[in-house]
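Participant: Once you've had a glance at the structure underneath, I'll fire off some questions.
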Amino acid sequence: MSPSTQALVIDNASTDRTVELARQREGACVTANAENRGFAAAVNQGVRISDADLVLLLNPDARLLTPLDDLAEAARRYGLAGGRLVDEKGRDQRGFTIRRFPTPATLLFELFGLNRLWPQNPVNRSYRYLDRDLNAGGPVEQPAGAFLMFRRDVWERLGGFDESFRPIWFEDVDFCRRAALAGCRIEYVPSAVAEHQGGHSVGRLPPARRGVYWCDSLLRYASRHFGPGRYRAICLAVVLTSVPRMVAGMIRERNLSPVSSCKEIIRFAGRRLVCWSRAAPPSQD
């Protein structure tokens with residue numbers, strides 16, 4: 001770590017030795033939250049603590065493999081830049097490293113499981129940039145928040161990450177989309193590489209709650225970025241697909257805990273189906 005670099009660790013009430021081990025790292029500034037504030041809130045918290053002009057988001061299950069000079073140059077020039085993610089065997093995490101912004105069709109295909117059943121369908125190929133050479137840098141729509149660098153002034157102009165996406169999912173997509181709408185170019189820099197395990201934080205969420213969190217964040221994103229007709233179509237799809245997901249969860253977990261989650265999803269998706277309102281962006285004070 002160079003003398004001009006500040007390493008911040010924001011811990012969201014972990015129950016393992018994360019805080020202890022992080023505090024043993026020379027130069028690390030560790031903040032231990034008493035509760036899980038969510039990814040977006042932790043990012044904003046870290047940016048406010050730091051005074052750096054450039055901020056790098058790096059998930060706890062990611063490890064840098066290369067210098068960050070090219071990534072920093074791109075972020076300074078364009079506002080946001082994402083690096084390349086590989087697994088422990090060095091294979092590209094295609095379909096995750098970069099994506100296009102989700103369309104209503106994308107979300108409907110995700111909800112009905114079509115992208116899992118038919119990964120090479122045109123909607124999924126476009127959404128996950130399966131038509132893109134990951135060796136080629138250039139502008140992209142949405143780099144993964146697991147390895148994303150941005151300028152502080154962009155974060156300030158956008159009002160930071162939206163903390164209503166809690167605890168996780170779609171907050172990085174929303175941030176990148178709002179940045180693009182504000183005129184920022186988002187650059188993909190394949191020479192900046194990090195090894196990423198994937199699913200580290202999600203795996204710590206209660207299994208029965210993951211579907212609730214994902215659907216809630218999905219609908220929050222859709223309410224902000226789509227019109228009322230398309231938004232209501234997605235709400236209806238959430239309701240229609242909740243029961244099959246519940247049954248699959250009961251089989252997978254061998255208990256009835258997904259039932260209450262399914263009821264909760266149907267209730268809030270049903271209410272939003274009837275009462276549409278556009279989600280407001282974060283305050284830019």
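Residue numbering restarts at 1 in every chain; chains get A, B, ... in the order shown in the structure tokens, and ligands count up from 1 in that same order.
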As a count of residues only, which residues of region 33-166 of chain A does DSSP assign to helix (DSSP H, G or I)?

Facilitator: 46

Participant: Name the residues of region 32-183 of chain A that come out as strand (DSSP E) in a backbone DSSP run; write them as JSON, numbers by chain.

Facilitator: {"A": [32, 33, 54, 55, 56, 57, 58, 62, 63, 64, 79, 80, 81, 82, 83, 84, 85, 86, 98, 99, 138, 139, 142, 143, 147, 148, 149, 150, 151]}

Participant: Could those selected residues go to a file with N, CA and C atoms, as a short mmCIF file (atom, residue, chain, number, x, y, z; two decimals), in the first residue's frame?

Facilitator:
data_model
loop_
_atom_site.label_atom_id
_atom_site.label_comp_id
_atom_site.auth_asym_id
_atom_site.auth_seq_id
_atom_site.Cartn_x
_atom_site.Cartn_y
_atom_site.Cartn_z
N ALA A 32 -16.12 -0.64 13.22
CA ALA A 32 -16.96 -1.80 13.51
C ALA A 32 -18.36 -1.31 13.86
N ASN A 33 -19.30 -1.54 12.98
CA ASN A 33 -20.70 -1.18 13.24
C ASN A 33 -21.35 -2.18 14.17
N LEU A 54 -10.20 9.74 -4.87
CA LEU A 54 -10.60 8.51 -5.52
C LEU A 54 -10.92 7.46 -4.47
N VAL A 55 -12.01 6.74 -4.67
CA VAL A 55 -12.43 5.70 -3.72
C VAL A 55 -12.55 4.38 -4.46
N LEU A 56 -11.94 3.35 -3.90
CA LEU A 56 -12.04 2.00 -4.46
C LEU A 56 -12.91 1.15 -3.55
N LEU A 57 -13.97 0.56 -4.11
CA LEU A 57 -14.76 -0.43 -3.39
C LEU A 57 -14.18 -1.80 -3.69
N LEU A 58 -13.88 -2.54 -2.65
CA LEU A 58 -13.35 -3.89 -2.82
C LEU A 58 -14.03 -4.79 -1.79
N ALA A 62 -12.64 -10.34 -2.03
CA ALA A 62 -11.83 -10.03 -3.21
C ALA A 62 -10.41 -9.69 -2.79
N ARG A 63 -9.45 -10.06 -3.65
CA ARG A 63 -8.03 -9.83 -3.36
C ARG A 63 -7.36 -9.26 -4.60
N LEU A 64 -6.70 -8.12 -4.44
CA LEU A 64 -6.05 -7.49 -5.58
C LEU A 64 -4.88 -8.34 -6.09
N GLY A 79 -14.71 9.35 -14.23
CA GLY A 79 -15.57 9.42 -13.06
C GLY A 79 -15.75 8.10 -12.35
N LEU A 80 -15.91 7.02 -13.13
CA LEU A 80 -16.06 5.68 -12.56
C LEU A 80 -15.31 4.69 -13.43
N ALA A 81 -14.77 3.64 -12.79
CA ALA A 81 -14.06 2.60 -13.53
C ALA A 81 -14.13 1.29 -12.76
N GLY A 82 -14.30 0.21 -13.50
CA GLY A 82 -14.36 -1.12 -12.89
C GLY A 82 -13.25 -2.01 -13.42
N GLY A 83 -12.75 -2.89 -12.55
CA GLY A 83 -11.70 -3.80 -12.95
C GLY A 83 -12.24 -5.17 -13.32
N ARG A 84 -11.32 -6.09 -13.56
CA ARG A 84 -11.63 -7.44 -14.01
C ARG A 84 -11.62 -8.39 -12.82
N LEU A 85 -12.65 -9.21 -12.71
CA LEU A 85 -12.75 -10.18 -11.62
C LEU A 85 -12.52 -11.58 -12.15
N VAL A 86 -11.70 -12.33 -11.42
CA VAL A 86 -11.42 -13.72 -11.78
C VAL A 86 -11.65 -14.59 -10.55
N ILE A 98 -18.88 -7.40 -15.58
CA ILE A 98 -19.57 -6.25 -16.18
C ILE A 98 -20.94 -6.72 -16.66
N ARG A 99 -21.90 -5.83 -16.59
CA ARG A 99 -23.25 -6.10 -17.08
C ARG A 99 -23.82 -4.82 -17.68
N GLY A 138 -12.82 -0.37 -22.28
CA GLY A 138 -13.70 0.61 -22.92
C GLY A 138 -14.92 0.87 -22.08
N PRO A 139 -15.84 1.68 -22.58
CA PRO A 139 -17.03 2.04 -21.80
C PRO A 139 -17.96 0.85 -21.60
N GLN A 142 -22.36 -1.19 -16.39
CA GLN A 142 -22.37 -1.47 -14.96
C GLN A 142 -21.27 -2.45 -14.56
N PRO A 143 -20.13 -1.96 -14.08
CA PRO A 143 -19.14 -2.86 -13.48
C PRO A 143 -19.66 -3.35 -12.13
N PHE A 147 -15.69 -4.43 -7.19
CA PHE A 147 -14.37 -3.91 -7.60
C PHE A 147 -14.62 -2.67 -8.45
N LEU A 148 -14.92 -1.58 -7.79
CA LEU A 148 -15.35 -0.36 -8.48
C LEU A 148 -14.65 0.84 -7.88
N MET A 149 -14.11 1.69 -8.75
CA MET A 149 -13.46 2.92 -8.30
C MET A 149 -14.24 4.12 -8.84
N PHE A 150 -14.38 5.15 -8.01
CA PHE A 150 -15.08 6.35 -8.46
C PHE A 150 -14.47 7.59 -7.82
N ARG A 151 -14.70 8.72 -8.48
CA ARG A 151 -14.24 9.99 -7.93
C ARG A 151 -15.18 10.47 -6.85
#

Participant: Need the shell around Arg128 (chain A): protein/DNA/RNA residues with any atom at most 12 Å away, counting only C-alpha atoms. Skip same-chain ones fewer than 5 positions apart. Format as number ranges by chain?

Facilitator: A: 93-103, 106, 110, 115, 119-123, 133-134, 140-144

Participant: Let me see the file: selected residues, N, CA and C atoms, as an mmCIF file, in the first residue's frame.

Facilitator:
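Wrote result29.cif, looks like this:
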data_model
loop_
_atom_site.group_PDB
_atom_site.id
_atom_site.type_symbol
_atom_site.label_atom_id
_atom_site.label_comp_id
_atom_site.auth_asym_id
_atom_site.auth_seq_id
_atom_site.Cartn_x
_atom_site.Cartn_y
_atom_site.Cartn_z
ATOM 1 N N GLN A 93 -14.749 -14.033 -14.409
ATOM 2 C CA GLN A 93 -16.116 -14.168 -13.903
ATOM 3 C C GLN A 93 -17.058 -13.487 -14.895
ATOM 4 N N ARG A 94 -17.177 -14.161 -16.032
ATOM 5 C CA ARG A 94 -18.002 -13.645 -17.129
ATOM 6 C C ARG A 94 -19.470 -13.614 -16.696
ATOM 7 N N GLY A 95 -20.132 -12.552 -17.041
ATOM 8 C CA GLY A 95 -21.528 -12.397 -16.652
ATOM 9 C C GLY A 95 -21.705 -11.674 -15.338
ATOM 10 N N PHE A 96 -20.600 -11.488 -14.594
ATOM 11 C CA PHE A 96 -20.667 -10.780 -13.312
ATOM 12 C C PHE A 96 -19.772 -9.548 -13.312
ATOM 13 N N THR A 97 -18.581 -9.668 -13.894
ATOM 14 C CA THR A 97 -17.618 -8.563 -13.884
ATOM 15 C C THR A 97 -18.220 -7.289 -14.452
ATOM 16 N N ILE A 98 -18.877 -7.396 -15.584
ATOM 17 C CA ILE A 98 -19.571 -6.251 -16.180
ATOM 18 C C ILE A 98 -20.941 -6.717 -16.664
ATOM 19 N N ARG A 99 -21.898 -5.828 -16.587
ATOM 20 C CA ARG A 99 -23.248 -6.099 -17.082
ATOM 21 C C ARG A 99 -23.816 -4.820 -17.685
ATOM 22 N N ARG A 100 -24.834 -4.994 -18.501
ATOM 23 C CA ARG A 100 -25.612 -3.838 -18.943
ATOM 24 C C ARG A 100 -26.683 -3.559 -17.897
ATOM 25 N N PHE A 101 -27.253 -2.369 -17.958
ATOM 26 C CA PHE A 101 -28.317 -2.060 -17.018
ATOM 27 C C PHE A 101 -29.518 -2.965 -17.287
ATOM 28 N N PRO A 102 -30.144 -3.479 -16.231
ATOM 29 C CA PRO A 102 -31.295 -4.363 -16.440
ATOM 30 C C PRO A 102 -32.465 -3.620 -17.055
ATOM 31 N N THR A 103 -33.097 -4.252 -18.026
ATOM 32 C CA THR A 103 -34.324 -3.743 -18.631
ATOM 33 C C THR A 103 -35.501 -4.467 -17.995
ATOM 34 N N THR A 106 -35.198 -8.010 -18.916
ATOM 35 C CA THR A 106 -34.158 -8.685 -18.129
ATOM 36 C C THR A 106 -34.712 -9.159 -16.795
ATOM 37 N N GLU A 110 -35.273 -12.932 -15.345
ATOM 38 C CA GLU A 110 -34.661 -13.359 -14.085
ATOM 39 C C GLU A 110 -35.716 -13.939 -13.149
ATOM 40 N N ASN A 115 -33.346 -17.176 -17.506
ATOM 41 C CA ASN A 115 -31.910 -17.019 -17.714
ATOM 42 C C ASN A 115 -31.124 -18.207 -17.172
ATOM 43 N N PRO A 119 -29.401 -19.974 -20.559
ATOM 44 C CA PRO A 119 -28.433 -18.895 -20.333
ATOM 45 C C PRO A 119 -28.041 -18.137 -21.595
ATOM 46 N N GLN A 120 -28.119 -18.782 -22.751
ATOM 47 C CA GLN A 120 -27.676 -18.140 -23.982
ATOM 48 C C GLN A 120 -28.794 -17.396 -24.704
ATOM 49 N N ASN A 121 -29.925 -17.183 -24.038
ATOM 50 C CA ASN A 121 -30.995 -16.438 -24.700
ATOM 51 C C ASN A 121 -30.534 -15.003 -24.973
ATOM 52 N N PRO A 122 -31.093 -14.352 -25.998
ATOM 53 C CA PRO A 122 -30.615 -13.016 -26.390
ATOM 54 C C PRO A 122 -30.681 -11.979 -25.276
ATOM 55 N N VAL A 123 -31.715 -12.039 -24.452
ATOM 56 C CA VAL A 123 -31.849 -11.064 -23.366
ATOM 57 C C VAL A 123 -30.714 -11.231 -22.367
ATOM 58 N N ASP A 133 -15.752 -9.160 -25.376
ATOM 59 C CA ASP A 133 -14.420 -9.696 -25.101
ATOM 60 C C ASP A 133 -13.905 -9.019 -23.834
ATOM 61 N N LEU A 134 -13.694 -9.800 -22.780
ATOM 62 C CA LEU A 134 -13.261 -9.221 -21.515
ATOM 63 C C LEU A 134 -11.806 -8.766 -21.524
ATOM 64 N N VAL A 140 -18.525 0.771 -20.413
ATOM 65 C CA VAL A 140 -19.517 -0.256 -20.087
ATOM 66 C C VAL A 140 -20.625 0.432 -19.286
ATOM 67 N N GLU A 141 -21.693 -0.306 -19.042
ATOM 68 C CA GLU A 141 -22.794 0.281 -18.281
ATOM 69 C C GLU A 141 -22.645 0.057 -16.783
ATOM 70 N N GLN A 142 -22.362 -1.192 -16.386
ATOM 71 C CA GLN A 142 -22.374 -1.470 -14.956
ATOM 72 C C GLN A 142 -21.273 -2.455 -14.560
ATOM 73 N N PRO A 143 -20.132 -1.955 -14.077
ATOM 74 C CA PRO A 143 -19.140 -2.864 -13.482
ATOM 75 C C PRO A 143 -19.655 -3.349 -12.125
ATOM 76 N N ALA A 144 -19.163 -4.487 -11.689
ATOM 77 C CA ALA A 144 -19.579 -5.022 -10.395
ATOM 78 C C ALA A 144 -19.120 -4.101 -9.264
#

Participant: Can you work out which one of A:Ile49, A:Gly183, A:Asp174, A:Ala194 has the shortest atom-to-atom distance to Asp61 (chain A), counting only C-alpha atoms?

Facilitator: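 Among the listed residues, the smallest separation from Asp61 (chain A) belongs to A:Ala194.
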
Participant: Which of these, A:Glu156, A:Gly145, A:Arg132, A:Arg116, has the shortest distance to Arg48 (chain A) once you count only C-alpha atoms?

Facilitator: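 With only C-alpha atoms as the atom set, the closest residue is A:Glu156.
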
Participant: Take CA of Leu8 (chain A) and CA of Gly198 (chain A) and report the distance between them in Å, one decimal.

Facilitator: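 That distance, rounded to one decimal, is 20.4 Å.
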
Participant: Counting only C-alpha atoms, which residue out of A:Ile168, A:Glu20, A:Phe226, A:Ser277 sits closest to Arg204 (chain A)?

Facilitator: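 Of A:Ile168, A:Glu20, A:Phe226, A:Ser277, the one nearest Arg204 (chain A), counting only C-alpha atoms, is A:Ile168.
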
Participant: Could you state the separation of CA of Asp131 (chain A) and CA of Phe112 (chain A) in Å, given to one decimal place?

Facilitator: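 A separation of 22.6 Å between them.
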
Participant: Env of Tyr221 (chain A): 10 Å cut, atoms = only C-alpha atoms, seq-sep filter 2 positions within chain, self excluded. Answer as an mmCIF file with C-alpha atoms, in the first residue's frame.

Facilitator:
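The result, written out as part-v2.cif:
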data_model
loop_
_atom_site.group_PDB
_atom_site.id
_atom_site.type_symbol
_atom_site.label_atom_id
_atom_site.label_comp_id
_atom_site.auth_asym_id
_atom_site.auth_seq_id
_atom_site.Cartn_x
_atom_site.Cartn_y
_atom_site.Cartn_z
ATOM 1 C CA PRO A 102 -31.295 -4.363 -16.440
ATOM 2 C CA PHE A 165 -31.344 -0.671 -0.872
ATOM 3 C CA TRP A 169 -28.641 -5.925 -4.123
ATOM 4 C CA PHE A 170 -29.104 -3.293 -6.836
ATOM 5 C CA GLU A 171 -27.461 -0.427 -4.926
ATOM 6 C CA VAL A 173 -26.575 -0.850 -10.307
ATOM 7 C CA ASP A 174 -28.609 2.174 -9.226
ATOM 8 C CA CYS A 215 -37.341 -8.715 -4.477
ATOM 9 C CA ASP A 216 -37.600 -5.573 -2.368
ATOM 10 C CA SER A 217 -34.426 -4.104 -3.906
ATOM 11 C CA LEU A 218 -35.475 -5.170 -7.400
ATOM 12 C CA LEU A 219 -38.810 -3.373 -7.061
ATOM 13 C CA SER A 223 -39.826 2.022 -9.404
ATOM 14 C CA ARG A 224 -37.055 4.572 -9.929
ATOM 15 C CA HIS A 225 -35.953 3.705 -13.428
ATOM 16 C CA PHE A 226 -39.070 2.387 -15.203
ATOM 17 C CA TYR A 231 -43.098 -1.362 -13.069
ATOM 18 C CA ARG A 278 -41.410 6.589 -8.124
ATOM 19 C CA ALA A 279 -38.589 6.081 -5.622
#

Participant: A:Pro104, A:Trp118, A:Phe175, A:Glu195: which is nearest Gly227 (chain A), counting only C-alpha atoms?

Facilitator: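 Ranking A:Pro104, A:Trp118, A:Phe175, A:Glu195 by distance to Gly227 (chain A), first place goes to A:Pro104.
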
Participant: Could you tell me how far CA of Leu108 (chain A) lies from CA of Arg267 (chain A), in Å and to one decimal?

Facilitator: 18.9 Å

Participant: For Lys89 (chain A), which residue among A:Arg157, A:Arg209, A:His196, A:Lys263 is the nearest when counting only C-alpha atoms?

Facilitator: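 Answer, going by the shortest atom-to-atom distance: A:His196.
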
Participant: Nearest to Ser257 (chain A): which of A:Ala41, A:Cys275, A:Ala208, A:Leu181 is it, counting only C-alpha atoms?

Facilitator: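 Using only C-alpha atoms, Ser257 (chain A) sits closest to A:Ala208.
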
Participant: At a cut-off of 8 Å, using only C-alpha atoms, what residues contact Asn36 (chain A)? Leave out same-chain residues fewer than 3 positions from it and give the result as a list in words.

Facilitator: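 That gives Asn12, Ala13, Ser14, Asn33 and Pro167 of chain A.
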
Participant: Env of Asp53 (chain A): 10 Å cut, atoms = only C-alpha atoms, seq-sep filter 4 positions within chain, self excluded. Answer as JSON, numbers by chain.

Facilitator: {"A": [47, 76, 150, 151, 152, 153, 154]}

Participant: Could you write those residues out with N, CA and C atoms, as an mmCIF file, in the first residue's frame?

Facilitator:
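Contents of the output file again26.cif:
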data_model
loop_
_atom_site.group_PDB
_atom_site.id
_atom_site.type_symbol
_atom_site.label_atom_id
_atom_site.label_comp_id
_atom_site.auth_asym_id
_atom_site.auth_seq_id
_atom_site.Cartn_x
_atom_site.Cartn_y
_atom_site.Cartn_z
ATOM 1 N N VAL A 47 -16.750 6.523 2.726
ATOM 2 C CA VAL A 47 -16.385 7.698 1.927
ATOM 3 C C VAL A 47 -16.353 8.948 2.803
ATOM 4 N N ARG A 76 -10.126 8.829 -12.731
ATOM 5 C CA ARG A 76 -9.894 10.276 -12.735
ATOM 6 C C ARG A 76 -10.430 10.912 -14.012
ATOM 7 N N PHE A 150 -14.377 5.149 -8.012
ATOM 8 C CA PHE A 150 -15.082 6.347 -8.459
ATOM 9 C C PHE A 150 -14.468 7.587 -7.818
ATOM 10 N N ARG A 151 -14.696 8.720 -8.481
ATOM 11 C CA ARG A 151 -14.240 9.994 -7.930
ATOM 12 C C ARG A 151 -15.184 10.473 -6.847
ATOM 13 N N ARG A 152 -14.626 11.109 -5.846
ATOM 14 C CA ARG A 152 -15.435 11.628 -4.754
ATOM 15 C C ARG A 152 -16.469 12.637 -5.248
ATOM 16 N N ASP A 153 -16.089 13.493 -6.205
ATOM 17 C CA ASP A 153 -17.024 14.514 -6.651
ATOM 18 C C ASP A 153 -18.244 13.902 -7.337
ATOM 19 N N VAL A 154 -18.071 12.730 -7.986
ATOM 20 C CA VAL A 154 -19.214 12.033 -8.583
ATOM 21 C C VAL A 154 -20.140 11.526 -7.484
#
